[in-house]
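Novice: I am sharing final.csv, which consists of CSV, C-alpha atoms and all ligand atoms:
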```
chain,number,residue,atom,x,y,z
R,1,ALA,CA,11.7,9.8,-11.8
R,2,THR,CA,13.2,6.3,-12.2
R,3,ARG,CA,11.6,2.9,-12.7
R,4,GLU,CA,12.2,2.2,-9.0
R,5,SER,CA,10.3,5.4,-8.1
R,6,ALA,CA,7.4,4.3,-10.4
R,7,PHE,CA,7.2,1.0,-8.5
R,8,VAL,CA,7.3,2.6,-5.1
R,9,HIS,CA,4.5,5.1,-6.0
R,10,ALA,CA,2.3,2.3,-7.4
R,11,ILE,CA,2.7,-0.1,-4.5
R,12,ALA,CA,2.2,2.7,-1.9
R,13,SER,CA,-1.0,4.0,-3.4
R,14,ALA,CA,-2.2,0.4,-3.9
R,15,GLY,CA,-1.4,-0.2,-0.2
R,16,VAL,CA,-3.4,2.8,1.0
R,17,ALA,CA,-6.4,1.7,-1.1
R,18,PHE,CA,-6.1,-1.9,0.1
R,19,ALA,CA,-5.7,-1.0,3.8
R,20,VAL,CA,-8.6,1.5,3.8
R,21,THR,CA,-10.9,-1.0,2.0
R,22,ARG,CA,-10.0,-3.8,4.4
R,23,SER,CA,-10.6,-1.8,7.5
R,24,CYS,CA,-13.9,-0.6,6.2
R,25,ALA,CA,-15.1,-4.2,5.6
R,26,GLU,CA,-13.8,-5.2,9.1
R,27,GLY,CA,-15.9,-2.4,10.6
R,28,SER,CA,-13.0,-0.6,12.2
R,29,ALA,CA,-13.8,2.7,10.5
R,30,THR,CA,-17.0,4.5,11.2
R,31,ILE,CA,-17.5,6.4,7.9
R,32,CYS,CA,-17.5,3.3,5.7
R,33,GLY,CA,-18.5,-0.3,5.6
R,34,CYS,CA,-19.3,-3.0,3.1
R,35,ASP,CA,-20.1,-2.4,-0.5
R,36,THR,CA,-23.9,-2.3,-0.5
R,37,GLY,CA,-24.0,-3.2,-4.2
R,38,GLY,CA,-23.2,-6.8,-3.1
R,39,TRP,CA,-26.1,-7.2,-0.8
R,40,LYS,CA,-27.8,-9.8,-3.0
R,41,TRP,CA,-25.3,-12.5,-2.0
R,42,GLY,CA,-25.6,-11.7,1.7
R,43,GLY,CA,-21.8,-11.4,2.4
R,44,CYS,CA,-19.8,-8.2,3.1
R,45,SER,CA,-18.3,-7.2,-0.2
R,46,GLU,CA,-15.2,-5.0,0.2
R,47,ASP,CA,-15.9,-1.5,-1.0
R,48,VAL,CA,-12.9,-1.0,-3.2
R,49,GLU,CA,-14.4,2.2,-4.7
R,50,PHE,CA,-14.3,4.0,-1.4
R,51,GLY,CA,-10.7,2.7,-0.6
R,52,THR,CA,-9.4,3.9,-4.0
R,53,MET,CA,-11.1,7.3,-3.6
R,54,VAL,CA,-9.4,7.8,-0.2
R,55,SER,CA,-6.1,6.7,-1.8
R,56,ARG,CA,-6.6,9.2,-4.6
R,57,GLU,CA,-7.2,12.1,-2.3
R,58,PHE,CA,-4.3,11.1,0.0
R,59,ALA,CA,-1.6,9.8,-2.3
R,60,ASP,CA,-2.2,12.3,-5.1
R,61,ALA,CA,-2.7,15.3,-2.8
R,62,ARG,CA,0.8,16.7,-3.5
R,63,GLU,CA,0.9,15.7,-7.2
R,64,ASN,CA,-0.9,18.7,-8.6
R,65,ARG,CA,2.0,20.5,-10.1
R,66,PRO,CA,2.0,21.0,-13.9
R,67,ASP,CA,5.4,19.3,-14.2
R,68,ALA,CA,6.5,15.9,-15.6
R,69,ARG,CA,7.2,14.5,-12.2
R,70,SER,CA,3.7,15.1,-11.0
R,71,ALA,CA,2.2,13.6,-14.2
R,72,MET,CA,4.4,10.5,-13.7
R,73,ASN,CA,3.5,10.1,-10.1
R,74,ARG,CA,-0.3,10.5,-10.7
R,75,HIS,CA,-0.1,7.9,-13.5
R,76,ASN,CA,1.8,5.4,-11.4
R,77,ASN,CA,-0.4,6.0,-8.4
R,78,GLU,CA,-3.5,5.3,-10.5
R,79,ALA,CA,-1.9,2.1,-12.0
R,80,GLY,CA,-1.3,0.8,-8.5
R,81,ARG,CA,-4.9,1.4,-7.4
R,82,THR,CA,-6.2,-0.1,-10.6
R,83,SER,CA,-4.3,-3.3,-9.8
R,84,ILE,CA,-6.4,-3.7,-6.7
R,85,ILE,CA,-9.7,-3.2,-8.6
R,86,ASP,CA,-8.6,-5.7,-11.4
R,87,HIS,CA,-7.8,-8.4,-8.8
R,88,MET,CA,-11.1,-8.3,-6.9
R,89,HIS,CA,-12.6,-11.8,-6.9
R,90,LEU,CA,-15.8,-13.5,-5.7
R,91,LYS,CA,-15.5,-15.6,-2.5
R,92,CYS,CA,-18.3,-17.9,-1.4
R,93,LYS,CA,-19.1,-20.0,1.6
R,94,CYS,CA,-21.6,-22.8,1.9
R,95,HIS,CA,-24.0,-23.2,4.8
R,96,GLY,CA,-25.9,-26.4,5.1
R,97,LEU,CA,-25.8,-30.0,6.4
R,98,SER,CA,-22.3,-31.4,6.2
R,99,GLY,CA,-21.1,-28.8,3.8
R,100,SER,CA,-23.9,-29.0,1.3
R,101,CYS,CA,-24.6,-25.8,-0.5
R,102,GLU,CA,-28.2,-25.2,0.4
R,103,VAL,CA,-27.4,-21.6,1.4
R,104,LYS,CA,-24.5,-19.9,-0.1
R,105,THR,CA,-23.1,-16.5,0.9
R,106,CYS,CA,-20.8,-14.7,-1.5
R,107,TRP,CA,-18.9,-11.5,-1.4
R,108,TRP,CA,-16.3,-9.5,-3.4
R,109,SER,CA,-12.9,-9.8,-1.8
R,110,GLN,CA,-9.6,-8.1,-2.4
R,111,PRO,CA,-6.6,-10.3,-3.4
R,112,ASP,CA,-3.9,-11.3,-1.1
R,113,PHE,CA,-1.5,-8.2,-1.1
R,114,ARG,CA,1.3,-10.5,-2.1
R,115,VAL,CA,-0.5,-11.0,-5.5
R,116,ILE,CA,-0.4,-7.2,-6.0
R,117,GLY,CA,3.3,-7.1,-5.1
R,118,ASP,CA,4.1,-9.8,-7.7
R,119,TYR,CA,1.9,-8.2,-10.3
R,120,LEU,CA,3.4,-4.7,-9.8
R,121,LYS,CA,6.9,-6.3,-9.9
R,122,ASP,CA,6.1,-7.5,-13.4
R,123,LYS,CA,4.9,-4.0,-14.3
R,124,TYR,CA,8.2,-2.7,-12.9
R,125,ASP,CA,10.1,-5.1,-15.3
R,126,SER,CA,8.0,-3.9,-18.3
R,127,ALA,CA,7.7,-0.2,-17.4
R,128,SER,CA,7.7,2.2,-20.3
R,129,GLU,CA,10.3,4.9,-20.7
R,130,MET,CA,8.9,8.3,-21.5
R,131,VAL,CA,10.2,11.7,-22.6
R,132,VAL,CA,9.0,15.1,-21.3
R,133,GLU,CA,7.2,17.5,-23.6
R,134,LYS,CA,6.5,21.1,-22.8
R,135,HIS,CA,3.3,22.8,-23.9
R,136,ARG,CA,2.3,26.4,-23.6
R,137,GLU,CA,-1.2,26.6,-22.1
R,138,SER,CA,-3.3,29.5,-20.8
R,139,ARG,CA,-2.2,28.6,-17.2
R,140,GLY,CA,1.5,28.7,-18.3
R,141,TRP,CA,4.0,25.9,-19.2
R,142,VAL,CA,2.7,22.4,-18.8
R,143,GLU,CA,4.8,19.3,-19.0
R,144,THR,CA,3.4,16.0,-20.3
R,145,LEU,CA,4.9,12.6,-21.0
R,146,ARG,CA,5.2,10.8,-24.4
R,147,PRO,CA,6.5,7.3,-25.0
R,148,LYS,CA,10.2,7.5,-25.9
R,149,TYR,CA,10.1,4.7,-28.5
R,150,ASN,CA,7.2,4.7,-30.9
R,151,PHE,CA,8.0,1.1,-32.1
R,152,PHE,CA,7.0,-0.2,-28.6
R,153,LYS,CA,3.4,-0.5,-27.5
R,154,ALA,CA,2.3,2.7,-25.8
R,155,PRO,CA,1.7,2.3,-22.0
R,156,THR,CA,-1.9,1.8,-20.9
R,157,GLU,CA,-3.3,3.1,-17.6
R,158,ARG,CA,-2.2,-0.2,-16.1
R,159,ASP,CA,1.5,0.2,-17.0
R,160,LEU,CA,4.2,2.0,-15.0
R,161,VAL,CA,6.0,4.9,-16.6
R,162,TYR,CA,9.3,6.6,-15.9
R,163,TYR,CA,11.6,9.1,-17.7
R,164,GLU,CA,15.0,9.0,-15.9
R,165,ASN,CA,17.6,6.3,-16.0
R,166,SER,CA,18.2,4.4,-12.7
R,167,PRO,CA,21.3,5.2,-10.8
R,168,ASN,CA,23.8,2.5,-10.3
R,169,PHE,CA,22.7,0.6,-7.2
R,170,CYS,CA,26.0,-1.3,-6.9
R,171,GLU,CA,27.7,1.1,-4.4
R,172,PRO,CA,26.2,2.8,-1.4
R,173,ASN,CA,25.0,6.3,-2.2
R,174,PRO,CA,23.1,8.4,0.3
R,175,GLU,CA,22.0,10.8,-2.5
R,176,THR,CA,20.1,8.1,-4.4
R,177,GLY,CA,19.2,6.1,-1.3
R,178,SER,CA,21.2,3.2,-2.5
R,179,PHE,CA,22.6,0.8,0.1
R,180,GLY,CA,24.9,-0.9,-2.4
R,181,THR,CA,24.9,-4.7,-2.8
R,182,ARG,CA,27.7,-5.6,-0.4
R,183,ASP,CA,26.7,-8.5,1.9
R,184,ARG,CA,23.6,-9.2,-0.1
R,185,ILE,CA,22.8,-12.9,-0.5
R,186,CYS,CA,23.2,-14.0,-4.1
R,187,ASN,CA,22.5,-17.2,-6.0
R,188,VAL,CA,25.6,-18.8,-7.6
R,189,THR,CA,23.6,-20.8,-10.2
R,190,SER,CA,21.3,-18.0,-11.4
R,191,HIS,CA,22.2,-15.9,-14.4
R,192,GLY,CA,19.4,-13.4,-13.4
R,193,ILE,CA,19.5,-10.3,-11.4
R,194,ASP,CA,19.7,-12.4,-8.2
R,195,GLY,CA,22.8,-14.2,-9.5
R,196,CYS,CA,26.2,-13.5,-7.9
R,197,ASP,CA,27.7,-12.2,-11.2
R,198,LEU,CA,25.1,-9.4,-11.7
R,199,LEU,CA,24.1,-8.6,-8.1
R,200,CYS,CA,27.7,-8.3,-6.9
R,201,CYS,CA,28.6,-6.0,-9.9
R,202,GLY,CA,31.7,-8.1,-10.7
R,203,ARG,CA,33.2,-7.7,-7.2
R,204,GLY,CA,32.9,-11.5,-6.5
R,205,HIS,CA,31.3,-13.2,-3.5
R,206,ASN,CA,32.1,-14.9,-0.2
R,207,THR,CA,30.7,-18.3,0.7
R,208,ARG,CA,29.9,-19.6,4.2
R,209,THR,CA,28.0,-22.6,5.5
R,210,GLU,CA,24.9,-22.3,7.6
R,211,LYS,CA,23.2,-24.9,9.7
R,212,ARG,CA,19.4,-24.7,9.6
R,213,LYS,CA,16.9,-26.6,11.7
R,214,GLU,CA,14.0,-28.0,9.6
R,215,LYS,CA,11.0,-30.1,10.1
R,216,CYS,CA,11.5,-33.6,8.6
R,217,HIS,CA,10.2,-37.2,8.6
R,218,CYS,CA,6.7,-35.9,9.0
R,219,ILE,CA,4.0,-38.4,9.7
R,220,PHE,CA,0.2,-38.0,9.4
R,221,HIS,CA,-1.7,-39.5,12.3
R,222,TRP,CA,-5.4,-40.6,12.0
R,223,CYS,CA,-7.1,-38.3,12.9
R,224,CYS,CA,-5.9,-35.5,12.5
R,225,TYR,CA,-2.5,-34.3,13.3
R,226,VAL,CA,1.0,-34.3,11.9
R,227,SER,CA,4.1,-35.0,13.9
R,228,CYS,CA,7.6,-34.2,12.7
R,229,GLN,CA,11.2,-34.5,13.7
R,230,GLU,CA,13.7,-31.8,13.6
R,231,CYS,CA,16.7,-32.2,11.3
R,232,VAL,CA,19.8,-30.1,10.8
R,233,ARG,CA,20.7,-29.3,7.2
R,234,ILE,CA,23.8,-27.5,6.0
R,235,TYR,CA,23.5,-24.9,3.4
R,236,ASP,CA,26.0,-22.8,1.4
R,237,VAL,CA,25.3,-19.1,1.7
R,238,HIS,CA,26.9,-16.7,-0.8
R,239,THR,CA,27.1,-13.0,-0.1
R,240,CYS,CA,28.5,-10.2,-2.3
R,241,LYS,CA,32.0,-8.8,-1.5
L,301,LIG,C1,19.0,-20.2,-7.7
L,301,LIG,O1,18.8,-20.1,-9.1
L,301,LIG,C2,18.4,-21.3,-9.8
L,301,LIG,C3,18.5,-21.0,-11.3
L,301,LIG,O2,17.8,-19.9,-11.6
L,301,LIG,C4,17.1,-21.7,-9.2
L,301,LIG,O3,16.7,-22.9,-9.8
L,301,LIG,C5,17.2,-21.9,-7.7
L,301,LIG,O4,15.9,-22.2,-7.2
L,301,LIG,C6,17.7,-20.6,-7.1
L,301,LIG,N1,17.9,-20.9,-5.6
L,301,LIG,C7,17.4,-20.1,-4.7
L,301,LIG,C8,17.8,-20.5,-3.3
L,301,LIG,O5,16.8,-19.1,-4.9
```
In structure tokens, what does this structure look like?

Specialist:
Amino acid sequence: ATRESAFVHAIASAGVAFAVTRSCAEGSATICGCDTGGWKWGGCSEDVEFGTMVSREFADARENRPDARSAMNRHNNEAGRTSIIDHMHLKCKCHGLSGSCEVKTCWWSQPDFRVIGDYLKDKYDSASEMVVEKHRESRGWVETLRPKYNFFKAPTERDLVYYENSPNFCEPNPETGSFGTRDRICNVTSHGIDGCDLLCCGRGHNTRTEKRKEKCHCIFHWCCYVSCQECVRIYDVHTCK
């Protein structure tokens, strides 16, 4: 029930909703298609309602226990799906003489999944710590979650929640699924989590040089292509001890 677990649940359930929605719009599933609510623009709008419904049935299927872990997983699954709905945007295409917009086709489209990844990573960074409360109900004991700190803003349905501290990911630990940070590439100039100080957990780092081939001296030719040369550049690569 850690912050990392919250992220994994959110991005996995978002991924299911995204993939189902995409394959419906592409016509590769027989029981679904475009969102008919968008017919007025003529394009195939992606039916995110259907995709999130499938994700809800699929990803939440095992999360029906009355315990805190289930409550947390259901919340984070839903936050992941909501992120897809919130990032739907209108795409349009013009049809007409030399790109004039005499006829325009528009449709609702899902975001690039990378956008969802970055957004949920921000939600991971700002996730809310909760505590477990037990209530006696007619069906027996039920656990719910309450914000641990009441001077912080309470989490909304879009925020991720967790209630256990993360294990130390510095050393390998099969029990927590940690690979440790040995051999991870780190950034010597960064003071953030990707910096060698923090990422290597004080063990220090090794440095090696690496030659990389890159495109360079690119020239644009009229009309229309680009030609480049290949240059070899030398980089320092730092990895954790
Ligand atoms: C390393 O960190 C610095 C400072 O945060 C940043 O400007 C730079 O882009 C980073 N380099 C790489 C390769 O990520």

Novice: For atom CA of Asn187 of chain R and atom C1 of ligand LIG 301 (chain L), determine how far apart the two atoms are, in Å to one decimal place.

Specialist: 4.9 Å

Novice: Select the residues contacting ligand LIG 301 (chain L) at a distance of at most 10 Å, based on all atoms listed in the file, then format the selection as a count of residues only.

Specialist: 15

Novice: Identify which of the residues R:Ala29, R:Ala6, R:Cys224, R:Ala19 lies closest to Asp112 of chain R, counting all atoms listed in the file when measuring atom-to-atom distances.

Specialist: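 Of the candidates, the smallest distance to Asp112 of chain R is held by R:Ala19.
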
Novice: For a test of reading the model, state the distance in Å between atom CA of Met72 of chain R and atom CA of Ala17 of chain R, rounded to one decimal.

Specialist: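 Between atom CA of Met72 of chain R and atom CA of Ala17 of chain R the gap is 18.8 Å.
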
Novice: Write out as a ChimeraX atom specification which residues come within 8 Å of Tyr149 of chain R when counting only C-alpha atoms, dropping same-chain ones fewer than 3 positions away.

Specialist: /R:129-130,152

Novice: Record the distance separating atom CA of His238 of chain R and atom CA of Gly180 of chain R, expressed in Å with one decimal.

Specialist: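 Spanning atom CA of His238 of chain R to atom CA of Gly180 of chain R is a straight-line distance of 16.0 Å.
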
Novice: When distances are computed from only C-alpha atoms, which of R:Val103, R:Cys170, R:Ala71, R:Cys223 shows the smallest separation from Glu133 of chain R?

Specialist: R:Ala71

Novice: Using only C-alpha atoms for the distances, tell me which of R:Tyr162, R:Trp141, R:Phe151, R:Phe179 is nearest to Arg65 of chain R.

Specialist: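 Comparing R:Tyr162, R:Trp141, R:Phe151, R:Phe179 against Arg65 of chain R, the winner is R:Trp141.
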
Novice: Between R:Leu160, R:Cys101, R:Cys106, R:Ile85, which is the closest to Ser126 of chain R once you count all atoms listed in the file?

Specialist: R:Leu160
